[in-house]
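Novice: Here it is: the structure, laid out below.
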Amino acid sequence: MKGSQFGFHLDRRTFLKLCSLATGSLLAPPIAGARNGDFRNDKNIPQQYVQNRDIPGFYIRSANPFLGVDIRNWGLAVGGQVKNPVGLGYEDLFGFKMHSQVSRLKCVECWSAKAEWEGFLFQELIDRVQPDPAAQYVYFQSADSYYESYTVDELIRDRVLMVLRMNGQPLSRDHGFPLRLIAPFKYGYKNIKYITQIKFTDDRKRNYWSNNGPYSVDGTIQPGIDHPLDHHKKPIPINGGEVFHFFDKRPG
Amino acid sequence: MSRWGTMVWLLSGWLLACESHEVKQIPVQVPPEVTVPPRMVYIPEGEFILGKPEDRRTAGGIQVKTGAYLIDRYEVTRAEYHEFDPDHPYSENQAQFPVSLVTWYEADEYCRWQGKRLPTEREWEKAARGTDGRKWPWLIYFEHPNTGFSGFLPEPVDKREEWISPYGVYGMGHNVWEWTESWYFYDGQPAQEVKKFKVIRGGLLQTHLSVRFSPTYFRNYMEPEAAYNFIGFRCAKDVEGEEPRASAD
(Lines give C-alpha, C1' and ligand atoms only; values in the text may rest on other atoms or scores of the structure.)
Protein backbone atom coordinates (compact mmCIF):
# COMPACT_ATOMS: atom_id res chain seq x y z
CA MET A 1 0.00 0.00 0.00
CA LYS A 2 1.24 3.44 -0.79
CA GLY A 3 2.11 5.08 2.52
CA SER A 4 -0.33 7.75 3.46
CA GLN A 5 -0.24 9.26 6.89
CA PHE A 6 -3.02 11.52 5.81
CA GLY A 7 -4.14 9.46 2.87
CA PHE A 8 -7.55 8.00 2.43
CA HIS A 9 -9.58 5.40 0.68
CA LEU A 10 -10.43 7.64 -2.27
CA ASP A 11 -7.75 8.73 -4.66
CA ARG A 12 -6.54 12.02 -3.21
CA ARG A 13 -6.64 13.97 -6.45
CA THR A 14 -10.20 12.83 -7.08
CA PHE A 15 -11.14 13.76 -3.57
CA LEU A 16 -9.72 17.27 -3.90
CA LYS A 17 -11.65 17.82 -7.08
CA LEU A 18 -14.76 16.76 -5.28
CA CYS A 19 -13.89 19.28 -2.61
CA SER A 20 -13.60 22.01 -5.17
CA LEU A 21 -17.16 21.41 -6.20
CA ALA A 22 -18.23 21.97 -2.61
CA THR A 23 -21.06 19.55 -2.97
CA GLY A 24 -22.84 17.54 -0.38
CA SER A 25 -21.51 14.44 -2.03
CA LEU A 26 -18.67 14.49 0.42
CA LEU A 27 -20.94 12.95 2.94
CA ALA A 28 -19.65 9.45 2.56
CA PRO A 29 -21.94 6.50 3.15
CA PRO A 30 -21.49 4.63 6.44
CA ILE A 31 -18.47 2.39 6.34
CA ALA A 32 -19.29 -1.28 6.44
CA GLY A 33 -18.40 -2.70 9.83
CA ALA A 34 -18.55 0.64 11.61
CA ARG A 35 -21.43 -0.63 13.68
CA ASN A 36 -19.13 -2.91 15.63
CA GLY A 37 -16.52 -0.20 16.16
CA ASP A 38 -14.25 -1.22 13.31
CA PHE A 39 -13.64 1.99 11.40
CA ARG A 40 -10.73 0.80 9.31
CA ASN A 41 -10.77 2.28 5.83
CA ASP A 42 -8.76 -0.67 4.55
CA LYS A 43 -9.79 -4.01 5.98
CA ASN A 44 -6.61 -5.64 4.67
CA ILE A 45 -4.56 -3.94 7.36
CA PRO A 46 -4.68 -5.78 10.70
CA GLN A 47 -6.75 -4.19 13.42
CA GLN A 48 -3.84 -3.58 15.78
CA TYR A 49 -2.06 -1.22 13.38
CA VAL A 50 -2.38 2.53 13.51
CA GLN A 51 -4.05 3.30 10.19
CA ASN A 52 -6.69 5.40 8.49
CA ARG A 53 -9.95 5.19 10.37
CA ASP A 54 -13.00 7.40 9.89
CA ILE A 55 -13.85 7.46 13.57
CA PRO A 56 -16.82 9.79 14.10
CA GLY A 57 -15.74 13.09 15.63
CA PHE A 58 -12.08 12.81 14.70
CA TYR A 59 -10.78 10.86 11.75
CA ILE A 60 -7.44 9.12 12.07
CA ARG A 61 -4.87 9.49 9.33
CA SER A 62 -1.55 7.68 9.38
CA ALA A 63 1.05 7.60 6.60
CA ASN A 64 2.50 4.19 7.08
CA PRO A 65 0.54 1.67 9.13
CA PHE A 66 2.58 0.67 12.17
CA LEU A 67 2.11 -0.61 15.68
CA GLY A 68 2.74 2.68 17.41
CA VAL A 69 5.60 3.86 19.59
CA ASP A 70 6.98 1.73 22.43
CA ILE A 71 7.91 4.45 24.87
CA ARG A 72 10.67 2.30 26.33
CA ASN A 73 12.48 2.60 23.04
CA TRP A 74 11.55 6.15 22.20
CA GLY A 75 13.74 9.23 22.39
CA LEU A 76 13.79 12.66 20.79
CA ALA A 77 16.99 13.81 19.09
CA VAL A 78 17.30 17.55 18.48
CA GLY A 79 20.33 18.57 16.45
CA GLY A 80 21.59 19.58 13.06
CA GLN A 81 23.22 22.98 12.81
CA VAL A 82 23.08 23.78 16.50
CA LYS A 83 25.49 24.56 19.28
CA ASN A 84 24.15 22.03 21.79
CA PRO A 85 22.49 18.94 20.28
CA VAL A 86 20.41 17.05 22.83
CA GLY A 87 18.64 13.75 23.30
CA LEU A 88 15.48 13.93 25.35
CA GLY A 89 13.35 11.26 27.01
CA TYR A 90 9.58 11.42 27.39
CA GLU A 91 9.78 12.63 30.99
CA ASP A 92 12.20 15.43 30.00
CA LEU A 93 9.50 17.01 27.86
CA PHE A 94 7.32 17.63 30.89
CA GLY A 95 10.02 19.91 32.29
CA PHE A 96 9.03 22.54 29.75
CA LYS A 97 6.30 25.05 30.54
CA MET A 98 2.97 23.67 29.37
CA HIS A 99 0.43 25.63 27.34
CA SER A 100 -3.02 24.55 26.25
CA GLN A 101 -5.34 25.65 23.48
CA VAL A 102 -8.41 24.54 21.61
CA SER A 103 -7.82 24.42 17.90
CA ARG A 104 -8.92 22.61 14.78
CA LEU A 105 -7.01 20.13 12.75
CA LYS A 106 -8.03 20.95 9.19
CA CYS A 107 -7.37 18.14 6.78
CA VAL A 108 -6.65 18.78 3.12
CA GLU A 109 -9.40 16.22 2.46
CA CYS A 110 -11.89 18.94 3.51
CA TRP A 111 -12.92 17.84 7.01
CA SER A 112 -11.81 19.37 10.30
CA ALA A 113 -12.00 18.32 13.93
CA LYS A 114 -11.48 20.24 17.13
CA ALA A 115 -9.61 19.27 20.30
CA GLU A 116 -7.87 20.72 23.33
CA TRP A 117 -4.13 20.37 22.87
CA GLU A 118 -1.50 20.72 25.59
CA GLY A 119 2.22 20.99 25.10
CA PHE A 120 5.26 23.23 25.02
CA LEU A 121 6.49 25.95 22.72
CA PHE A 122 9.07 25.23 20.04
CA GLN A 123 11.05 28.14 21.46
CA GLU A 124 11.95 25.86 24.38
CA LEU A 125 13.90 23.63 22.02
CA ILE A 126 15.54 26.61 20.33
CA ASP A 127 16.69 27.89 23.70
CA ARG A 128 18.06 24.48 24.60
CA VAL A 129 20.02 23.70 21.43
CA GLN A 130 20.89 27.22 20.21
CA PRO A 131 20.76 26.86 16.44
CA ASP A 132 23.21 28.63 14.13
CA PRO A 133 21.79 31.92 12.80
CA ALA A 134 21.91 30.43 9.30
CA ALA A 135 19.75 27.48 10.31
CA GLN A 136 16.37 28.94 9.40
CA TYR A 137 14.66 25.64 8.58
CA VAL A 138 13.56 22.64 10.61
CA TYR A 139 13.23 19.07 9.43
CA PHE A 140 11.12 16.60 11.42
CA GLN A 141 11.20 12.82 11.22
CA SER A 142 8.82 10.39 12.83
CA ALA A 143 8.58 6.81 14.05
CA ASP A 144 6.33 5.90 11.10
CA SER A 145 8.81 7.02 8.44
CA TYR A 146 7.05 10.30 7.85
CA TYR A 147 8.87 13.61 7.51
CA GLU A 148 7.93 17.26 7.48
CA SER A 149 9.56 20.62 6.88
CA TYR A 150 9.05 24.10 8.38
CA THR A 151 10.76 27.41 8.72
CA VAL A 152 11.81 28.41 12.22
CA ASP A 153 9.60 31.51 11.91
CA GLU A 154 6.54 29.34 11.35
CA LEU A 155 7.27 27.24 14.40
CA ILE A 156 7.54 30.17 16.77
CA ARG A 157 4.21 31.67 15.70
CA ASP A 158 1.39 31.95 18.21
CA ARG A 159 -0.61 28.78 18.76
CA VAL A 160 2.01 26.41 17.43
CA LEU A 161 2.57 23.69 20.00
CA MET A 162 4.71 20.62 20.52
CA VAL A 163 1.87 18.52 21.87
CA LEU A 164 1.95 15.88 24.59
CA ARG A 165 -1.69 15.77 25.66
CA MET A 166 -5.06 15.90 23.95
CA ASN A 167 -8.42 16.53 25.60
CA GLY A 168 -6.92 16.15 29.06
CA GLN A 169 -5.18 12.84 28.39
CA PRO A 170 -1.76 11.86 27.09
CA LEU A 171 -1.82 11.64 23.33
CA SER A 172 -3.35 8.38 22.22
CA ARG A 173 -1.58 6.01 19.88
CA ASP A 174 -3.89 7.11 17.07
CA HIS A 175 -3.14 10.79 17.59
CA GLY A 176 0.64 10.65 17.72
CA PHE A 177 1.84 9.43 21.12
CA PRO A 178 4.22 10.46 22.53
CA LEU A 179 4.86 13.76 20.70
CA ARG A 180 3.29 15.57 17.79
CA LEU A 181 3.18 19.03 16.32
CA ILE A 182 0.06 21.18 16.14
CA ALA A 183 0.27 24.18 13.77
CA PRO A 184 -3.38 25.22 13.36
CA PHE A 185 -2.81 27.38 10.28
CA LYS A 186 -1.40 24.45 8.34
CA TYR A 187 -3.26 21.55 6.76
CA GLY A 188 -3.33 18.36 8.80
CA TYR A 189 -0.57 16.71 6.82
CA LYS A 190 1.85 19.29 8.20
CA ASN A 191 0.96 18.33 11.79
CA ILE A 192 3.45 15.48 12.09
CA LYS A 193 2.89 12.75 14.68
CA TYR A 194 5.26 10.32 16.49
CA ILE A 195 8.18 12.78 16.26
CA THR A 196 11.60 11.25 16.86
CA GLN A 197 14.08 13.68 15.30
CA ILE A 198 14.27 17.43 14.82
CA LYS A 199 17.09 18.89 12.74
CA PHE A 200 17.91 22.54 12.19
CA THR A 201 19.21 23.15 8.67
CA ASP A 202 20.19 26.04 6.43
CA ASP A 203 18.21 24.68 3.48
CA ARG A 204 14.56 23.80 3.11
CA LYS A 205 13.83 20.09 2.90
CA ARG A 206 10.81 18.69 1.15
CA ASN A 207 8.09 16.94 3.08
CA TYR A 208 6.40 13.57 2.70
CA TRP A 209 3.34 14.71 0.79
CA SER A 210 5.13 16.96 -1.64
CA ASN A 211 7.07 13.86 -2.65
CA ASN A 212 4.04 11.57 -2.75
CA GLY A 213 1.22 13.75 -4.06
CA PRO A 214 0.25 17.14 -5.47
CA TYR A 215 0.68 18.82 -2.10
CA SER A 216 2.67 21.86 -1.20
CA VAL A 217 5.60 21.90 1.18
CA ASP A 218 4.14 25.06 2.66
CA GLY A 219 0.70 23.60 3.43
CA THR A 220 -0.90 26.84 4.64
CA ILE A 221 -4.67 26.43 4.81
CA GLN A 222 -6.15 28.27 1.83
CA PRO A 223 -9.49 30.10 1.71
CA GLY A 224 -12.16 27.62 0.70
CA ILE A 225 -14.63 25.21 2.23
CA ASP A 226 -14.53 23.13 5.38
CA HIS A 227 -16.77 20.24 6.42
CA PRO A 228 -16.38 20.17 10.21
CA LEU A 229 -17.01 16.76 11.74
CA ASP A 230 -18.57 18.44 14.77
CA HIS A 231 -21.12 20.18 12.56
CA HIS A 232 -22.44 17.20 10.60
CA LYS A 233 -19.88 17.87 7.85
CA LYS A 234 -21.97 20.72 6.57
CA PRO A 235 -19.94 22.86 4.14
CA ILE A 236 -18.87 26.17 5.63
CA PRO A 237 -16.66 28.78 3.94
CA ILE A 238 -13.29 29.42 5.56
CA ASN A 239 -11.17 32.47 4.99
CA GLY A 240 -7.73 30.84 5.09
CA GLY A 241 -5.22 30.32 7.86
CA GLU A 242 -6.39 28.85 11.15
CA VAL A 243 -10.00 27.73 10.90
CA PHE A 244 -12.57 29.31 13.18
CA HIS A 245 -16.23 28.65 12.52
CA PHE A 246 -19.07 30.77 13.78
CA PHE A 247 -19.60 28.31 16.63
CA ASP A 248 -15.92 28.33 17.66
CA LYS A 249 -14.46 30.58 20.31
CA ARG A 250 -11.59 32.68 19.03
CA PRO A 251 -8.57 33.17 21.31
CA GLY A 252 -8.19 36.53 22.98
CA MET B 1 -7.85 14.74 -41.91
CA SER B 2 -7.55 11.83 -39.50
CA ARG B 3 -9.60 11.66 -36.33
CA TRP B 4 -6.48 12.48 -34.28
CA GLY B 5 -5.66 15.35 -36.59
CA THR B 6 -9.15 16.71 -36.16
CA MET B 7 -8.87 16.46 -32.40
CA VAL B 8 -5.53 18.24 -32.34
CA TRP B 9 -6.94 20.94 -34.61
CA LEU B 10 -9.98 21.39 -32.38
CA LEU B 11 -7.88 21.42 -29.23
CA SER B 12 -5.41 23.96 -30.59
CA GLY B 13 -8.32 26.09 -31.74
CA TRP B 14 -9.82 25.96 -28.27
CA LEU B 15 -6.53 26.88 -26.64
CA LEU B 16 -5.95 29.75 -29.02
CA ALA B 17 -9.50 30.92 -28.42
CA CYS B 18 -8.81 30.96 -24.68
CA GLU B 19 -5.59 32.90 -25.13
CA SER B 20 -7.16 35.39 -27.47
CA HIS B 21 -9.83 36.40 -24.97
CA GLU B 22 -9.66 40.12 -24.51
CA VAL B 23 -11.45 42.06 -21.85
CA LYS B 24 -13.28 44.99 -23.37
CA GLN B 25 -12.00 48.14 -21.75
CA ILE B 26 -14.05 51.07 -20.51
CA PRO B 27 -12.94 54.22 -22.36
CA VAL B 28 -11.56 56.62 -19.78
CA GLN B 29 -10.74 60.28 -20.35
CA VAL B 30 -8.04 61.38 -17.95
CA PRO B 31 -8.46 65.09 -17.23
CA PRO B 32 -5.52 67.09 -18.59
CA GLU B 33 -4.63 68.39 -15.16
CA VAL B 34 -4.21 64.87 -13.78
CA THR B 35 -0.90 63.06 -14.07
CA VAL B 36 -1.22 59.30 -13.77
CA PRO B 37 1.95 57.87 -12.17
CA PRO B 38 3.64 54.89 -13.80
CA ARG B 39 1.97 51.54 -13.08
CA MET B 40 -1.21 53.22 -11.82
CA VAL B 41 -4.67 53.43 -13.37
CA TYR B 42 -7.06 56.36 -13.28
CA ILE B 43 -10.56 55.35 -12.22
CA PRO B 44 -13.08 58.10 -13.05
CA GLU B 45 -15.80 59.32 -10.77
CA GLY B 46 -19.22 57.82 -11.20
CA GLU B 47 -21.57 55.07 -10.14
CA PHE B 48 -21.07 51.35 -10.10
CA ILE B 49 -22.83 48.30 -8.65
CA LEU B 50 -21.51 47.31 -5.21
CA GLY B 51 -22.13 43.83 -3.85
CA LYS B 52 -24.56 41.11 -4.80
CA PRO B 53 -28.29 41.14 -4.02
CA GLU B 54 -28.37 37.53 -2.81
CA ASP B 55 -25.40 37.89 -0.48
CA ARG B 56 -26.32 39.65 2.74
CA ARG B 57 -22.69 40.06 3.71
CA THR B 58 -22.11 42.32 0.72
CA ALA B 59 -23.67 45.71 0.08
CA GLY B 60 -26.44 43.95 -1.82
CA GLY B 61 -25.92 45.10 -5.39
CA ILE B 62 -26.70 48.77 -4.83
CA GLN B 63 -25.64 51.67 -7.03
CA VAL B 64 -22.99 53.75 -5.31
CA LYS B 65 -20.84 56.62 -6.45
CA THR B 66 -17.15 57.21 -5.98
CA GLY B 67 -14.95 60.12 -6.80
CA ALA B 68 -12.02 59.67 -9.15
CA TYR B 69 -8.96 57.94 -7.77
CA LEU B 70 -5.80 56.16 -8.80
CA ILE B 71 -5.06 52.52 -8.13
CA ASP B 72 -2.02 50.35 -8.81
CA ARG B 73 -2.33 48.43 -12.06
CA TYR B 74 -0.51 45.46 -10.47
CA GLU B 75 -0.20 43.92 -7.07
CA VAL B 76 2.92 45.10 -5.24
CA THR B 77 5.78 42.83 -6.28
CA ARG B 78 8.40 41.18 -4.15
CA ALA B 79 11.05 43.33 -5.79
CA GLU B 80 9.20 46.53 -4.96
CA TYR B 81 8.64 45.47 -1.37
CA HIS B 82 12.29 44.40 -1.09
CA GLU B 83 13.30 48.03 -1.58
CA PHE B 84 11.10 48.96 1.35
CA ASP B 85 12.06 46.04 3.61
CA PRO B 86 15.30 44.29 2.60
CA ASP B 87 14.79 41.77 5.43
CA HIS B 88 11.56 40.43 3.99
CA PRO B 89 11.95 36.98 2.32
CA TYR B 90 13.06 37.55 -1.26
CA SER B 91 14.59 35.73 -4.19
CA GLU B 92 15.62 37.16 -7.55
CA ASN B 93 13.81 34.52 -9.57
CA GLN B 94 10.45 35.49 -8.04
CA ALA B 95 10.99 39.22 -8.13
CA GLN B 96 7.82 39.90 -10.15
CA PHE B 97 5.60 37.68 -8.02
CA PRO B 98 3.20 39.47 -5.68
CA VAL B 99 4.62 40.10 -2.26
CA SER B 100 2.95 38.08 0.50
CA LEU B 101 3.45 37.26 4.17
CA VAL B 102 2.78 40.88 5.07
CA THR B 103 0.41 42.09 7.76
CA TRP B 104 -2.15 44.80 7.14
CA TYR B 105 0.05 47.20 9.11
CA GLU B 106 3.06 46.46 6.93
CA ALA B 107 0.98 46.90 3.77
CA ASP B 108 -0.37 50.18 5.05
CA GLU B 109 3.12 51.39 5.94
CA TYR B 110 4.45 50.45 2.50
CA CYS B 111 1.73 52.41 0.74
CA ARG B 112 2.37 55.45 2.88
CA TRP B 113 6.08 55.14 2.14
CA GLN B 114 5.12 55.34 -1.52
CA GLY B 115 2.99 58.43 -0.93
CA LYS B 116 -0.10 56.31 -1.45
CA ARG B 117 -2.61 54.46 0.72
CA LEU B 118 -4.48 51.16 0.73
CA PRO B 119 -7.67 51.23 -1.39
CA THR B 120 -11.00 51.14 0.33
CA GLU B 121 -13.08 48.08 -0.29
CA ARG B 122 -15.38 50.13 -2.46
CA GLU B 123 -12.54 51.44 -4.59
CA TRP B 124 -11.16 47.95 -4.99
CA GLU B 125 -14.48 46.54 -6.18
CA LYS B 126 -15.09 49.31 -8.69
CA ALA B 127 -11.62 48.84 -10.17
CA ALA B 128 -12.30 45.10 -10.44
CA ARG B 129 -15.77 45.06 -12.02
CA GLY B 130 -16.29 48.35 -13.76
CA THR B 131 -19.80 49.65 -14.15
CA ASP B 132 -21.80 46.70 -15.46
CA GLY B 133 -21.98 44.65 -12.25
CA ARG B 134 -20.05 41.73 -13.69
CA LYS B 135 -19.23 38.70 -11.61
CA TRP B 136 -15.63 38.20 -12.76
CA PRO B 137 -13.21 40.93 -13.79
CA TRP B 138 -12.76 39.21 -17.17
CA LEU B 139 -16.59 38.91 -17.57
CA ILE B 140 -16.89 35.43 -19.06
CA TYR B 141 -17.16 32.19 -17.15
CA PHE B 142 -14.50 29.59 -17.55
CA GLU B 143 -14.00 26.37 -15.73
CA HIS B 144 -11.88 26.51 -12.65
CA PRO B 145 -8.37 25.32 -13.53
CA ASN B 146 -8.26 22.82 -10.72
CA THR B 147 -4.91 21.09 -10.53
CA GLY B 148 -5.52 19.20 -7.32
CA PHE B 149 -2.49 20.93 -5.83
CA SER B 150 -3.03 21.75 -2.18
CA GLY B 151 -1.03 24.94 -2.13
CA PHE B 152 -1.05 28.34 -3.72
CA LEU B 153 0.82 28.96 -6.98
CA PRO B 154 1.46 32.67 -7.42
CA GLU B 155 2.39 34.11 -10.79
CA PRO B 156 4.13 37.27 -12.00
CA VAL B 157 1.77 40.17 -11.44
CA ASP B 158 1.64 41.12 -15.13
CA LYS B 159 1.24 37.65 -16.58
CA ARG B 160 -2.52 37.39 -17.19
CA GLU B 161 -3.65 40.03 -19.62
CA GLU B 162 -6.68 37.88 -20.43
CA TRP B 163 -7.88 38.31 -16.85
CA ILE B 164 -7.60 42.07 -16.48
CA SER B 165 -10.50 44.15 -15.25
CA PRO B 166 -12.49 46.51 -17.53
CA TYR B 167 -10.26 49.30 -16.23
CA GLY B 168 -7.13 47.35 -17.11
CA VAL B 169 -6.21 46.33 -13.58
CA TYR B 170 -4.40 43.00 -13.21
CA GLY B 171 -4.83 40.31 -10.57
CA MET B 172 -8.31 41.15 -9.28
CA GLY B 173 -9.57 37.58 -9.57
CA HIS B 174 -6.41 35.57 -9.13
CA ASN B 175 -2.99 35.66 -7.52
CA VAL B 176 -2.99 36.88 -3.92
CA TRP B 177 -5.84 38.22 -1.86
CA GLU B 178 -5.34 41.89 -1.18
CA TRP B 179 -5.55 43.95 1.96
CA THR B 180 -7.94 46.89 1.81
CA GLU B 181 -8.26 49.83 4.12
CA SER B 182 -11.78 48.79 5.20
CA TRP B 183 -12.89 47.00 8.33
CA TYR B 184 -15.07 43.97 7.71
CA PHE B 185 -18.62 44.84 8.69
CA TYR B 186 -22.09 43.67 7.82
CA ASP B 187 -25.54 44.19 9.27
CA GLY B 188 -26.09 41.82 12.15
CA GLN B 189 -22.38 41.31 12.77
CA PRO B 190 -21.72 40.18 16.37
CA ALA B 191 -20.44 43.07 18.47
CA GLN B 192 -17.23 41.27 19.40
CA GLU B 193 -16.29 41.02 15.72
CA VAL B 194 -16.77 44.70 14.87
CA LYS B 195 -13.43 46.29 13.91
CA LYS B 196 -11.64 43.01 14.42
CA PHE B 197 -11.00 42.06 10.79
CA LYS B 198 -9.86 43.87 7.68
CA VAL B 199 -11.47 43.06 4.35
CA ILE B 200 -9.31 41.18 1.90
CA ARG B 201 -10.38 40.96 -1.72
CA GLY B 202 -10.01 39.04 -4.90
CA GLY B 203 -7.70 36.19 -5.43
CA LEU B 204 -6.72 32.61 -5.54
CA LEU B 205 -7.95 31.37 -8.85
CA GLN B 206 -4.91 29.13 -9.02
CA THR B 207 -5.58 26.77 -6.11
CA HIS B 208 -7.30 23.44 -5.72
CA LEU B 209 -10.31 25.21 -4.32
CA SER B 210 -13.48 26.66 -5.73
CA VAL B 211 -13.98 29.40 -8.29
CA ARG B 212 -16.54 30.85 -5.91
CA PHE B 213 -13.78 32.90 -4.31
CA SER B 214 -13.01 34.82 -7.45
CA PRO B 215 -16.15 36.97 -7.95
CA THR B 216 -15.55 40.69 -7.82
CA TYR B 217 -18.00 41.15 -4.97
CA PHE B 218 -16.74 38.33 -2.75
CA ARG B 219 -15.62 39.56 0.64
CA ASN B 220 -13.05 37.72 2.67
CA TYR B 221 -11.62 38.97 5.94
CA MET B 222 -8.60 38.54 8.14
CA GLU B 223 -7.12 39.78 11.41
CA PRO B 224 -4.83 42.69 10.48
CA GLU B 225 -1.95 41.05 12.34
CA ALA B 226 -2.10 37.96 10.14
CA ALA B 227 0.54 37.28 7.49
CA TYR B 228 -0.03 34.45 5.05
CA ASN B 229 1.37 33.32 1.75
CA PHE B 230 -1.97 34.00 0.04
CA ILE B 231 -2.34 37.68 1.07
CA GLY B 232 -0.64 40.63 -0.63
CA PHE B 233 -1.87 44.09 -1.54
CA ARG B 234 -1.85 47.00 -3.96
CA CYS B 235 -2.00 50.72 -3.23
CA ALA B 236 -4.31 53.55 -4.24
CA LYS B 237 -4.02 57.29 -4.27
CA ASP B 238 -6.28 60.31 -4.23
CA VAL B 239 -6.48 62.47 -7.33
CA GLU B 240 -5.31 65.93 -6.51
CA GLY B 241 -8.14 68.42 -6.60
CA GLU B 242 -10.77 65.73 -6.03
CA GLU B 243 -12.98 65.60 -2.99
CA PRO B 244 -11.46 63.32 -0.32
CA ARG B 245 -12.56 59.73 -0.82
CA ALA B 246 -15.68 58.39 0.81
CA SER B 247 -15.23 57.18 4.37
CA ALA B 248 -14.71 53.50 5.06
CA ASP B 249 -17.37 51.25 3.59
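Ordering of the C-alpha coordinates sets the chain letters (A, B, ...); residue numbers start at 1 within each chain; ligands are numbered from 1 in the order shown.
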Which residues are close to B:Asp108, i.e. within 9 Å by only C-alpha atoms, leaving aside same-chain residues fewer than 2 positions away? Reply as a PyMOL selection string.
Specialist: chain B and resi 103-106+110-113+116-118+179-181+235
Novice: If you run DSSP over the backbone, which residues in stretch 1-225 of chain A end up alpha helix (DSSP H)? Put them as number ranges by chain.
Specialist: A: 12-21, 90-93, 122-129, 152-155, 208-212
Novice: Which of stretch 164-242 of chain A end up as strand (DSSP E) when DSSP is run on this backbone - answer as a VMD selection string?
Specialist: chain A and resid 164 to 166 169 to 170 180 to 182 195 to 201 224 to 228 236 to 238
Novice: For B:His21, list every protein, DNA or RNA residue within 10 Å, evaluated using only C-alpha atoms, and leave out those in the same chain fewer than 6 positions away; present the list as number ranges by chain.
Specialist: B: 138, 140, 161-163
Novice: Would you list the contacts of B:Lys159 as a PyMOL selection string, taking every protein, DNA or RNA residue within 9 Å and counting only C-alpha atoms, but skipping same-chain residues closer than 4 positions in sequence?
Specialist: chain B and resi 155+170-171
Novice: Export, as an mmCIF file, in the first residue's frame, the selected residues with all heavy atoms.
Specialist:
data_model
loop_
_atom_site.group_PDB
_atom_site.id
_atom_site.type_symbol
_atom_site.label_atom_id
_atom_site.label_comp_id
_atom_site.auth_asym_id
_atom_site.auth_seq_id
_atom_site.Cartn_x
_atom_site.Cartn_y
_atom_site.Cartn_z
ATOM 1 N N GLU B 155 1.833 33.868 -9.457
ATOM 2 C CA GLU B 155 2.391 34.114 -10.787
ATOM 3 C C GLU B 155 2.910 35.549 -10.843
ATOM 4 O O GLU B 155 2.507 36.380 -10.025
ATOM 5 C CB GLU B 155 1.308 33.963 -11.854
ATOM 6 C CG GLU B 155 0.705 32.579 -11.925
ATOM 7 C CD GLU B 155 -0.414 32.498 -12.965
ATOM 8 O OE1 GLU B 155 -1.059 33.526 -13.233
ATOM 9 O OE2 GLU B 155 -0.616 31.413 -13.493
ATOM 10 N N TYR B 170 -4.759 44.410 -13.215
ATOM 11 C CA TYR B 170 -4.396 42.995 -13.207
ATOM 12 C C TYR B 170 -4.619 42.378 -11.812
ATOM 13 O O TYR B 170 -4.509 43.049 -10.786
ATOM 14 C CB TYR B 170 -2.913 42.829 -13.558
ATOM 15 C CG TYR B 170 -2.568 43.002 -15.016
ATOM 16 C CD1 TYR B 170 -2.740 44.219 -15.654
ATOM 17 C CD2 TYR B 170 -2.048 41.940 -15.749
ATOM 18 C CE1 TYR B 170 -2.408 44.377 -16.999
ATOM 19 C CE2 TYR B 170 -1.704 42.092 -17.088
ATOM 20 C CZ TYR B 170 -1.884 43.313 -17.708
ATOM 21 O OH TYR B 170 -1.553 43.470 -19.034
ATOM 22 N N GLY B 171 -4.890 41.078 -11.811
ATOM 23 C CA GLY B 171 -4.834 40.309 -10.567
ATOM 24 C C GLY B 171 -6.019 40.498 -9.639
ATOM 25 O O GLY B 171 -5.910 40.235 -8.450
#
Novice: Could you tell me which of A:Asn212, A:Gln47, A:Gln169, A:Ser142 comes closest to chain B if we count only C-alpha atoms?
Specialist: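 Smallest separation from chain B among the options: A:Asn212.
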Novice: Find the residues around B:Tyr69 up to 12 Å (only C-alpha atoms counted), leave out those fewer than 4 positions away in its own chain, and share them as JSON, numbers by chain.
Specialist: {"B": [30, 31, 34, 35, 36, 37, 40, 41, 42, 43, 44, 45, 46, 116, 117, 118, 119, 120, 122, 123, 124, 126, 127, 235, 236, 237, 238, 239, 240, 241, 242, 243, 244, 245, 246]}
Novice: When you count only C-alpha atoms, which of these residues is closest to chain B: A:Phe58, A:Trp117, A:Phe185, A:Tyr90?
Specialist: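 Of A:Phe58, A:Trp117, A:Phe185, A:Tyr90, the one nearest chain B is A:Phe185, counting only C-alpha atoms.
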Novice: Figure out the distance between atom CA of A:Tyr137 and atom CA of A:Arg204, please, to one decimal in Å.
Specialist: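 Atom-to-atom, atom CA of A:Arg204 and atom CA of A:Tyr137 are spaced 5.8 Å apart.
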Novice: Would you mind telling me which residue in B:Gln63, B:Ser150, B:Gln114, B:Gln189 lies nearest to A:Gly224 when using only C-alpha atoms?
Specialist: B:Ser150
Novice: Tell me which protein, DNA and RNA residues are within 10 Å of stretch 215-223 of chain B, counting only C-alpha atoms, leaving out same-chain ones fewer than 6 positions away, and put them as a PyMOL selection string.
Specialist: (chain A and resi 223+237-241) or (chain B and resi 49-52+55+57-61+103-104+121-122+124-130+133-139+165+172-174+177-180+182-185+195-203+205+231)
